[in-house]
>>> print(open('protein-v4.cif').read())   # mmCIF, C-alpha atoms
data_start
loop_
_atom_site.label_atom_id
_atom_site.label_comp_id
_atom_site.auth_asym_id
_atom_site.auth_seq_id
_atom_site.Cartn_x
_atom_site.Cartn_y
_atom_site.Cartn_z
CA PRO A 16 48.10 3.92 -51.06
CA ALA A 17 50.59 1.09 -50.84
CA PRO A 18 51.52 -0.25 -47.41
CA GLY A 19 53.93 2.06 -45.68
CA GLU A 20 52.97 5.08 -47.77
CA PRO A 21 51.48 8.10 -45.99
CA ARG A 22 47.70 8.47 -46.15
CA PRO A 23 46.54 11.29 -48.45
CA VAL A 24 45.98 14.49 -46.52
CA GLU A 25 42.73 15.21 -48.39
CA ALA A 26 41.12 11.93 -47.27
CA ALA A 27 42.13 12.44 -43.66
CA SER A 28 40.79 15.98 -43.72
CA ALA A 29 37.50 14.80 -45.23
CA GLU A 30 37.04 12.18 -42.53
CA ALA A 31 37.81 14.73 -39.82
CA ALA A 32 35.33 17.15 -41.32
CA LEU A 33 32.68 14.43 -41.42
CA LEU A 34 33.23 13.66 -37.76
CA GLU A 35 32.86 17.34 -36.93
CA VAL A 36 29.63 17.73 -38.90
CA VAL A 37 27.82 14.60 -37.70
CA PRO A 38 27.05 15.01 -33.99
CA ALA A 39 27.29 12.08 -31.66
CA PRO A 40 23.91 10.69 -30.57
CA VAL A 41 22.68 11.99 -27.24
CA ALA A 42 22.13 9.16 -24.81
CA ILE A 43 19.13 9.45 -22.53
CA PRO A 44 20.24 8.52 -19.02
CA PRO A 45 18.52 5.51 -17.49
CA ALA A 46 15.72 6.14 -15.04
CA THR A 47 16.85 6.52 -11.47
CA LYS A 48 14.71 5.69 -8.51
CA HIS A 49 13.15 8.73 -6.90
CA THR A 50 11.36 8.10 -3.64
CA PRO A 51 8.68 10.76 -3.01
CA TRP A 52 9.34 11.03 0.69
CA VAL A 53 7.35 14.23 1.19
CA THR A 54 4.28 12.65 -0.40
CA TYR A 55 4.58 9.58 1.80
CA VAL A 56 5.19 11.63 4.95
CA LEU A 57 2.14 13.81 4.27
CA ALA A 58 -0.01 10.74 3.62
CA ALA A 59 1.30 9.08 6.79
CA ALA A 60 0.58 12.24 8.78
CA ASN A 61 -3.01 12.35 7.55
CA VAL A 62 -3.58 8.66 8.29
CA GLY A 63 -1.85 8.96 11.66
CA ILE A 64 -4.03 11.88 12.72
CA TRP A 65 -7.14 9.98 11.63
CA ILE A 66 -6.07 7.02 13.81
CA LEU A 67 -5.32 9.40 16.68
CA SER A 68 -8.77 10.96 16.32
CA ILE A 69 -10.35 7.52 16.73
CA LEU A 70 -8.29 6.91 19.86
CA LEU A 71 -9.52 10.26 21.18
CA GLY A 72 -13.12 9.24 20.72
CA ALA A 73 -14.10 10.29 17.20
CA SER A 74 -16.16 8.05 14.96
CA ALA A 75 -14.06 6.25 12.36
CA LEU A 76 -16.70 6.69 9.68
CA ASP A 77 -18.62 9.84 10.56
CA PRO A 78 -17.17 12.10 13.26
CA SER A 79 -19.48 14.84 14.47
CA ALA A 80 -19.03 18.47 13.49
CA GLN A 81 -18.76 19.37 17.18
CA TRP A 82 -15.87 16.92 17.72
CA LEU A 83 -14.08 18.17 14.60
CA PHE A 84 -14.48 21.78 15.70
CA GLU A 85 -13.16 21.04 19.19
CA HIS A 86 -10.08 19.35 17.72
CA GLY A 87 -9.01 21.93 15.14
CA GLY A 88 -11.73 22.14 12.50
CA ASN A 89 -12.00 25.31 10.44
CA PHE A 90 -14.99 27.38 11.56
CA GLY A 91 -14.90 30.75 9.82
CA ALA A 92 -16.16 33.03 12.55
CA VAL A 93 -13.81 31.53 15.13
CA THR A 94 -10.85 30.98 12.81
CA LEU A 95 -10.80 34.59 11.68
CA ASP A 96 -11.25 35.89 15.21
CA GLY A 97 -7.86 34.97 16.63
CA GLU A 98 -7.63 31.22 15.97
CA GLU A 99 -5.92 31.31 12.61
CA TRP A 100 -4.05 28.12 13.50
CA ARG A 101 -7.22 26.28 12.48
CA LEU A 102 -6.36 27.07 8.85
CA PHE A 103 -3.52 24.57 9.20
CA THR A 104 -4.88 21.97 11.59
CA SER A 105 -8.08 21.51 9.60
CA MET A 106 -5.99 20.31 6.65
CA PHE A 107 -5.21 17.08 8.52
CA LEU A 108 -8.68 16.25 9.84
CA HIS A 109 -11.11 14.10 7.86
CA GLY A 110 -14.77 13.27 7.99
CA GLY A 111 -14.33 9.53 8.17
CA LEU A 112 -12.53 6.67 6.46
CA LEU A 113 -14.00 7.22 2.98
CA HIS A 114 -13.11 10.92 3.02
CA LEU A 115 -9.58 10.07 4.10
CA ALA A 116 -9.15 7.28 1.53
CA MET A 117 -10.26 9.42 -1.42
CA ASN A 118 -8.01 12.30 -0.41
CA MET A 119 -4.99 10.06 0.14
CA LEU A 120 -5.51 8.45 -3.27
CA GLY A 121 -5.38 11.89 -4.86
CA LEU A 122 -2.41 12.95 -2.75
CA ILE A 123 -0.28 9.92 -3.60
CA GLN A 124 -1.22 9.93 -7.27
CA GLY A 125 -0.64 13.62 -7.85
CA GLY A 126 1.96 14.24 -5.16
CA ARG A 127 4.50 11.83 -6.64
CA VAL A 128 4.41 13.76 -9.90
CA VAL A 129 4.52 17.24 -8.41
CA GLU A 130 7.29 16.29 -5.99
CA ARG A 131 9.37 15.18 -8.98
CA LEU A 132 8.56 18.34 -10.94
CA TYR A 133 9.17 20.87 -8.17
CA GLY A 134 11.48 19.02 -5.81
CA ARG A 135 10.81 18.01 -2.23
CA LEU A 136 11.05 21.48 -0.72
CA GLY A 137 9.05 23.01 -3.56
CA PHE A 138 6.33 20.39 -3.25
CA ALA A 139 6.12 20.71 0.53
CA SER A 140 5.83 24.50 0.23
CA LEU A 141 3.24 24.21 -2.50
CA TYR A 142 1.14 21.71 -0.54
CA VAL A 143 1.05 23.88 2.57
CA ILE A 144 0.37 27.11 0.69
CA ALA A 145 -2.42 25.54 -1.36
CA GLY A 146 -3.91 23.99 1.76
CA LEU A 147 -3.85 27.29 3.64
CA ALA A 148 -5.35 29.09 0.65
CA GLY A 149 -8.16 26.55 0.57
CA SER A 150 -8.76 26.86 4.30
CA LEU A 151 -8.82 30.66 4.08
CA ALA A 152 -11.29 30.59 1.20
CA SER A 153 -13.49 28.27 3.23
CA ALA A 154 -13.27 30.48 6.31
CA LEU A 155 -14.35 33.47 4.22
CA ARG A 156 -17.37 31.69 2.77
CA PRO A 157 -20.67 33.52 3.22
CA THR A 158 -22.41 30.42 4.59
CA ALA A 159 -22.25 30.47 8.36
CA GLY A 160 -22.19 27.52 10.74
CA VAL A 161 -20.03 25.17 8.66
CA VAL A 162 -17.01 23.29 10.01
CA SER A 163 -14.55 22.67 7.18
CA ILE A 164 -11.95 19.90 7.32
CA GLY A 165 -9.84 17.81 4.94
CA ALA A 166 -6.82 17.83 2.66
CA SER A 167 -8.80 18.31 -0.54
CA GLY A 168 -7.90 22.01 -0.86
CA ALA A 169 -4.20 21.15 -0.79
CA ILE A 170 -4.75 18.24 -3.20
CA PHE A 171 -6.58 20.47 -5.68
CA GLY A 172 -3.53 22.69 -5.43
CA VAL A 173 -1.30 19.72 -6.24
CA PHE A 174 -3.13 19.04 -9.50
CA ALA A 175 -3.23 22.76 -10.24
CA ALA A 176 0.57 22.75 -10.02
CA ILE A 177 0.69 20.19 -12.84
CA CYS A 178 -1.47 22.52 -14.94
CA ALA A 179 0.82 25.42 -14.00
CA TYR A 180 3.87 23.46 -15.10
CA PHE A 181 2.50 22.94 -18.59
CA ALA A 182 1.05 26.44 -18.74
CA VAL A 183 4.59 27.80 -18.37
CA HIS A 184 5.77 25.52 -21.19
CA ARG A 185 2.66 25.79 -23.35
CA GLU A 186 4.64 26.90 -26.41
CA ARG A 187 6.42 23.53 -26.40
CA VAL A 188 3.40 21.33 -25.74
CA ASP A 189 2.50 19.21 -28.78
CA SER A 190 -0.89 17.75 -29.64
CA ALA A 191 -0.29 14.43 -27.88
CA ILE A 192 0.56 16.08 -24.58
CA ALA A 193 -2.25 18.60 -25.02
CA LYS A 194 -4.68 15.70 -25.35
CA GLU A 195 -3.50 14.21 -22.07
CA LEU A 196 -3.80 17.58 -20.36
CA GLN A 197 -7.37 17.79 -21.57
CA GLY A 198 -7.98 14.51 -19.75
CA LEU A 199 -6.59 16.01 -16.54
CA LEU A 200 -8.75 19.11 -16.96
CA ALA A 201 -11.77 16.91 -17.60
CA CYS A 202 -11.07 15.07 -14.34
CA ILE A 203 -10.86 18.38 -12.48
CA ALA A 204 -14.06 19.58 -14.16
CA TYR A 205 -15.83 16.38 -13.09
CA ASN A 206 -14.83 17.00 -9.49
CA VAL A 207 -16.08 20.56 -9.72
CA ILE A 208 -19.45 19.47 -11.12
CA PHE A 209 -19.72 16.69 -8.54
CA GLY A 210 -18.96 19.16 -5.78
CA LEU A 211 -21.53 21.66 -7.00
CA THR A 212 -24.26 19.04 -7.23
CA SER A 213 -23.53 17.21 -3.98
CA SER A 214 -23.99 18.22 -0.37
CA GLY A 215 -21.14 18.31 2.10
CA ILE A 216 -18.49 19.28 -0.47
CA ASP A 217 -16.51 22.42 0.37
CA MET A 218 -16.07 23.97 -3.07
CA TYR A 219 -14.64 27.13 -1.50
CA ALA A 220 -11.70 25.11 -0.20
CA HIS A 221 -11.28 23.36 -3.54
CA ALA A 222 -11.30 26.62 -5.47
CA GLY A 223 -8.97 28.36 -3.03
CA GLY A 224 -6.56 25.44 -3.05
CA PHE A 225 -6.57 25.25 -6.85
CA VAL A 226 -5.83 28.97 -7.25
CA GLY A 227 -3.17 28.85 -4.54
CA GLY A 228 -1.49 25.79 -6.05
CA PHE A 229 -1.54 27.20 -9.57
CA LEU A 230 -0.04 30.56 -8.55
CA CYS A 231 2.54 28.87 -6.32
CA GLY A 232 3.50 26.52 -9.16
CA ILE A 233 4.02 29.45 -11.51
CA ALA A 234 6.10 31.28 -8.90
CA LEU A 235 8.26 28.26 -8.10
CA GLN A 236 9.13 27.74 -11.74
CA ARG A 237 10.02 31.40 -12.21
CA VAL A 238 12.28 31.24 -9.17
CA ALA A 239 13.90 28.02 -10.42
CA VAL A 240 14.67 29.51 -13.83
CA THR A 241 16.00 32.73 -12.30
CA ALA A 242 18.21 30.80 -9.86
CA ALA A 243 19.49 28.35 -12.49
CA PRO A 244 23.30 27.95 -12.39
CA ALA A 245 25.19 30.14 -14.84
CA HIS A 246 27.97 27.66 -15.58
CA GLY A 247 25.99 26.11 -18.36
CA GLU A 248 25.46 22.63 -16.95
CA ASP A 249 22.27 21.02 -18.18
CA HIS A 250 21.10 17.86 -16.45
CA HIS A 251 17.80 17.59 -18.29
CA VAL A 252 16.55 15.85 -21.39
CA ALA A 253 13.91 17.13 -23.81
CA LEU A 254 10.75 15.09 -24.16
CA GLY A 255 11.06 13.72 -27.68
CA GLU A 256 12.87 16.95 -28.62
CA ARG A 257 9.51 18.67 -28.44
CA VAL A 258 9.16 19.72 -24.82
CA ALA A 259 12.35 21.53 -23.81
CA LEU A 260 12.62 21.51 -20.05
CA ALA A 261 14.05 24.47 -18.19
CA ARG A 262 16.86 23.48 -15.85
CA ASP A 263 16.21 22.56 -12.22
CA ALA A 264 12.41 22.76 -12.35
CA GLU A 265 12.12 20.37 -15.29
CA LEU A 266 11.66 16.69 -16.03
CA ASP A 267 14.75 14.66 -16.84
CA GLY A 268 14.88 11.21 -18.36
CA ALA A 269 14.25 9.61 -14.98
CA ALA A 270 11.34 11.93 -14.24
CA LEU A 271 9.75 10.95 -17.52
CA HIS A 272 9.50 7.32 -16.41
CA TYR A 273 8.39 8.45 -12.96
CA PHE A 274 5.72 10.65 -14.49
CA GLU A 275 4.42 7.70 -16.49
CA SER A 276 4.20 5.43 -13.48
CA ALA A 277 2.58 8.02 -11.24
CA LEU A 278 -0.18 9.06 -13.62
CA PRO A 279 -1.15 6.38 -16.15
CA GLU A 280 -3.24 8.86 -18.11
CA PHE A 281 -0.02 10.53 -19.19
CA ASP A 282 1.32 7.42 -20.93
CA ALA A 283 1.19 9.18 -24.28
CA ILE A 284 3.77 11.69 -23.07
CA ALA A 285 6.26 8.93 -22.39
CA ARG A 286 5.48 7.18 -25.66
CA SER A 287 6.00 10.34 -27.69
CA ALA A 288 9.27 11.02 -25.89
CA THR A 289 10.78 7.65 -26.69
CA ARG A 290 9.95 7.55 -30.41
#
>>> encode(input="protein-v4.cif", output="structure tokens")
Amino acid sequence: PAPGEPRPVEAASAEAALLEVVPAPVAIPPATKHTPWVTYVLAAANVGIWILSILLGASALDPSAQWLFEHGGNFGAVTLDGEEWRLFTSMFLHGGLLHLAMNMLGLIQGGRVVERLYGRLGFASLYVIAGLAGSLASALRPTAGVVSIGASGAIFGVFAAICAYFAVHRERVDSAIAKELQGLLACIAYNVIFGLTSSGIDMYAHAGGFVGGFLCGIALQRVAVTAAPAHGEDHHVALGERVALARDAELDGAALHYFESALPEFDAIARSATR
């Protein structure tokens, strides 16, 4: 039309219709820093108690079973006969520096992920429940005369919670993510085989912690979905539009980057989500 003439109604309507049909691109929010305070506090507590045990006379590398028992170790016959508090205290005792270092490596690596997935309160609850389940399984073991100590039951529960998370969302897990999960399962299987073929490994605690962590992870996600706000707000982003995440228990764009940094073996998840 000539300058000053009204624009044809049909053209304006067509443009408006086009704008209505073509959705605006969804912007993935930038990653925000998430400090896993519960993970760090638990690691600090374990290290602090190990240092305290040295100050109280324990060997830094190989404390005796008698010393560990006298200071809160889990001894089935005694624990189940009125000293149930040992189920908890034994979770923070370790059989030397190497035992502590390996457990803290697993705690920090897996804890940062699980704390992001389940939240601080959820992760703290999961850690304690898995640890108690592992201690109880150890106390119920048929082998008598064994003092059980360490955080490994709780840590097996931490990695079980990652498996539980993806088990709940298995219908949305694509082949790339499934491959990474197989790597995690292979790592767990290696630890199981190593424990079965080595002496001094409390597989009862590992198994109890894994079962406790898995069941707790399932329960926490069910509670989170049930308690999700009804006003329709959605603060979460799908992973490459293939893994739809369910409200407050799910990974958002920031968690995706956090997940990648916490567990390098899950890099493929982040790559598939950013394509």
>>> resolve_selection(input="protein-v4.cif", expression="the PyMOL selection byres ((chain A and resi 118) around 8)", output="MDAnalysis selection string")
chainID A and resid 114:117 119:122 165:167 170
>>> residues_around(input="protein-v4.cif", residues="Arg135 of chain A", least_positions_apart="4", cutoff="7 Å", atoms="only C-alpha atoms", output="PyMOL selection string")
chain A and resi 53+130+139
>>> atom_distance(input="protein-v4.cif", atom1="atom CA of Ser79 of chain A", atom2="atom CA of Glu98 of chain A")
20.3 Å
>>> atom_distance(input="protein-v4.cif", atom1="atom CA of Gly168 of chain A", atom2="atom CA of Gly227 of chain A")
9.1 Å
>>> resolve_selection(input="protein-v4.cif", expression="the PyMOL selection byres ((chain A and resi 206) around 12)", output="list in words")
Met117, Gly121, Ser167, Ile170, Phe171, Phe174, Leu199, Leu200, Ala201, Cys202, Ile203, Ala204, Tyr205, Val207, Ile208, Phe209, Gly210, Leu211, Thr212, Ser213, Ile216, Asp217, Met218, His221, Ala222 and Phe225 of chain A
>>> closest_residue(input="protein-v4.cif", among="A:Gly126, A:Leu235, A:Glu186, A:Ala152", to="Leu57 of chain A", atoms="all atoms listed in the file")
A:Gly126
>>> resolve_selection(input="protein-v4.cif", expression="the PyMOL selection byres ((chain A and resi 234) around 12)", output="PyMOL selection string")
chain A and resi 133+137+140-141+144+176+179-180+183+227-233+235-241+264
>>> atom_distance(input="protein-v4.cif", atom1="atom CA of Ala92 of chain A", atom2="atom CA of Trp65 of chain A")
24.8 Å
>>> closest_residue(input="protein-v4.cif", among="A:Gly215, A:Gly97, A:Pro51, A:Gly224", to="Leu132 of chain A", atoms="only C-alpha atoms")
A:Pro51
>>> closest_residue(input="protein-v4.cif", among="A:Gly149, A:Gly134, A:Gly125, A:Gly160", to="Ile177 of chain A", atoms="only C-alpha atoms")
A:Gly125
>>> closest_residue(input="protein-v4.cif", among="A:Gln81, A:Gln124, A:Asn89, A:Thr50", to="Gly146 of chain A", atoms="all atoms listed in the file")
A:Asn89
>>> closest_residue(input="protein-v4.cif", among="A:Gly63, A:Tyr142, A:Ala175, A:Leu102", to="Phe90 of chain A", atoms="only C-alpha atoms")
A:Leu102
>>> closest_residue(input="protein-v4.cif", among="A:Trp100, A:Trp52, A:Phe107, A:Trp82", to="Val128 of chain A", atoms="all atoms listed in the file")
A:Trp52
